[in-house]
Amino acid sequence: MADIRQQLYDRIKASTKDSVILEEMKRLGFWKRDVGMPSLSEQIILKEADLTKELNALLEQQRRYQNKEQALKEMRKSRLEQSRAKREENKKRRKQKREEKAARWKASKETDIIYLGDNVSQGLNNKETDPAKLTQHQQPLVTTVEDLAKAMNVSVGTLRYLAYNRIISKTTHYKRFYIPKKTGGKRLISTPMPKLKQAQYWLLENMLNKVATHDAAHGFVRQRSIVSNALPHVGAEVVINIDMKDFFPTITYPRVKGVFRSFGYSEQIATILALICTEPDVDQIELDGQTYYAAGSERLLPQGAPTSPALTNIICRKLDARLKGIATKLGFNYTRYADDLTFSASGEAVTHVKTLMGFVKKVVKEEKLVIHPDKIRILRKGARKEVTGIVVNDKPAVNAKELDRFRALLFQIEKDGPQGKHWNNSPNLLASIKGFANFVAQVDPVKGKPLVERVNAILVTHQFKHTIKHKSKAQQAKQEAEQKQKSKKPWWKFW
């Protein structure tokens, strides 16, 4: 009842008492609606009500203007409330956008790769593949990152981890160690960790090995060997051996990426594959008990990765074709085993050696490779001619003096045991003699067979297992210190 009374007071206050009575009389039926023209009294009542409403509005406005400070305060309050409401609305909208972006990013990370580090991610948005080229080169039809990950039997996340280009990292995909060269000095070997090695072997078997190499290439080519590389030069009057300097490190990431692009793969897929096959020179830094690996160069082909030899053979196809053409025109034979270039000739062609060398240096430079200035050997008539360690004067043979030294070593091992003995600067005597005996058997089966039998007997006697553990300089220093202290540490502290 009180509510009804209050409503009635509010209506009278907003208009007039007479207008409210008129409305109620119409509502209750005491004053008929819409019958003829309204009477004069009704018009006066309605006009009075309208004027009263206008007057009330003007009075309210006048009161506000009379108190300017209050008016400004109310205006500021109103604007502040509007501003807060707008900020809250914008905040909610931004939060929603962030959540939507995070959800899209999470979804894309599971199915796509759009960033792999600085300086290598520019082309990851280019996903245009050429299926006709892939078919022509007998390559797997991989058009998306999901396709590649599925084909390699890994997740997209694993693929991203293996390919990511890190400038500074706490982890490394390679074990690095040095091995002695036969001619002196040391060679850096980078052996990939199991996950990366598995990925590289997949690339080797399913992509790289399906690409035809030039006929002149014999290194790391199926059904070819150092023997097949030497045979074209047997009996030649002059043999020219040329070694290239830093062969694998000379092949950089952009060139490897170009190989996969030439197969027909999109720039995105080619980028991922090239990153898997390359690595930068890395400096190992110890800081506050933590080991960091800092990239010290652009990405290169690592010597020790299973994909590196096949990639060099593919990249060197143009080099081989140009050198083969020049050699044929001048009357020379030409073969290449990895970074060893060999030319040979007899008769009148021997007079063109200087011309040949000029062309070879020019072509090698144009193909962005480097000839080792100290490893150019021109072997003429009367000299012992060797091609990749095989004597080719009359027939493929092993150096007689080296063979005599090897037989003497086997006799000493059979007599006194392997302690204190070595072969070709190798840290593992039994592994090195096994390798050399197999090499002799490959070149000359008649001389090699008895040597292989003697070596096998030695290996059985000394329970040899072909497992070689290589240690870096830092690891060797740690091991020596531990031996002096006669203490042991967990195996993981060595890596």
# chains A, B, ... in the order shown; residues from 1 in each chain; ligands from 1
>>> residues_around(residues="segment 284-298 of chain A", least_positions_apart="6", cutoff="9 Å", atoms="only C-alpha atoms", output="list in words")
Arg166, Ile167, Ile168, Ser169, Lys170, Thr171, Thr172, Thr252 and Tyr253 of chain A
>>> residues_around(residues="Val20 of chain A", least_positions_apart="4", cutoff="12 Å", atoms="only C-alpha atoms", output="list in words")
Gln7, Leu8, Tyr9, Asp10, Arg11, Ile12, Lys13, Ala14, Ser15, Thr16, Glu24, Met25, Lys26, Arg27, Glu42, Ile45, Leu46, Glu48 and Ala49 of chain A
>>> closest_residue(among="A:Ile272, A:Leu148, A:Ile44, A:Met75", to="Gly117 of chain A", atoms="only C-alpha atoms")
A:Ile272
>>> select_by_dssp(residues="segment 96-156 of chain A", states="alpha helix (DSSP H)", output="count of residues only")
31
>>> atom_distance(atom1="atom CA of Thr52 of chain A", atom2="atom CA of Glu74 of chain A")
25.6 Å
>>> residues_around(residues="Asp112 of chain A", least_positions_apart="2", cutoff="6 Å", atoms="only C-alpha atoms", output="number ranges by chain")
A: 108-109, 145
>>> write_last_selection(atoms="N, CA and C atoms", output="short mmCIF file (atom, residue, chain, number, x, y, z; two decimals), in the first residue's frame")
data_model
loop_
_atom_site.label_atom_id
_atom_site.label_comp_id
_atom_site.auth_asym_id
_atom_site.auth_seq_id
_atom_site.Cartn_x
_atom_site.Cartn_y
_atom_site.Cartn_z
N SER A 108 49.12 -24.00 -33.32
CA SER A 108 50.05 -23.98 -34.45
C SER A 108 51.36 -24.69 -34.10
N LYS A 109 51.81 -24.59 -32.83
CA LYS A 109 53.05 -25.24 -32.43
C LYS A 109 52.94 -26.76 -32.53
N VAL A 145 54.82 -29.28 -42.45
CA VAL A 145 55.66 -29.71 -41.32
C VAL A 145 55.10 -30.99 -40.72
#
>>> atom_distance(atom1="atom CA of Lys150 of chain A", atom2="atom CA of Thr278 of chain A")
21.7 Å
>>> select_by_dssp(residues="segment 321-376 of chain A", states="strand (DSSP E)", output="list in words")
Asn333, Tyr334, Thr335, Arg336, Tyr337, Asp340, Leu341, Thr342, Phe343, Ser344, Ala345, Ile371, His372, Pro373, Asp374, Lys375 and Ile376 of chain A
>>> residues_around(residues="Ala397 of chain A", least_positions_apart="6", cutoff="7 Å", atoms="only C-alpha atoms", output="list in words")
Ile390, Val391, Val443 and Asp444 of chain A
>>> write_last_selection(atoms="N, CA, C and O atoms", output="CSV table (one decimal), in the first residue's frame")
chain,number,residue,atom,x,y,z
A,390,ILE,N,96.4,-45.7,-52.6
A,390,ILE,CA,96.6,-46.9,-53.4
A,390,ILE,C,97.7,-46.6,-54.5
A,390,ILE,O,97.5,-45.6,-55.3
A,391,VAL,N,98.7,-47.5,-54.6
A,391,VAL,CA,99.7,-47.3,-55.6
A,391,VAL,C,99.1,-47.7,-57.0
A,391,VAL,O,98.5,-48.8,-57.1
A,443,VAL,N,92.1,-53.8,-51.6
A,443,VAL,CA,93.0,-53.4,-52.7
A,443,VAL,C,93.6,-54.6,-53.4
A,443,VAL,O,93.6,-54.7,-54.6
A,444,ASP,N,94.1,-55.5,-52.6
A,444,ASP,CA,94.8,-56.7,-53.1
A,444,ASP,C,94.3,-57.9,-52.3
A,444,ASP,O,95.0,-58.3,-51.3
>>> closest_residue(among="A:Leu51, A:Leu379, A:Ala216, A:Ile189", to="Ser19 of chain A", atoms="only C-alpha atoms")
A:Leu51
>>> residues_around(residues="Thr351 of chain A", least_positions_apart="4", cutoff="12 Å", atoms="only C-alpha atoms", output="ChimeraX atom specification")
/A:237-238,330-332,344-347,355-357,380
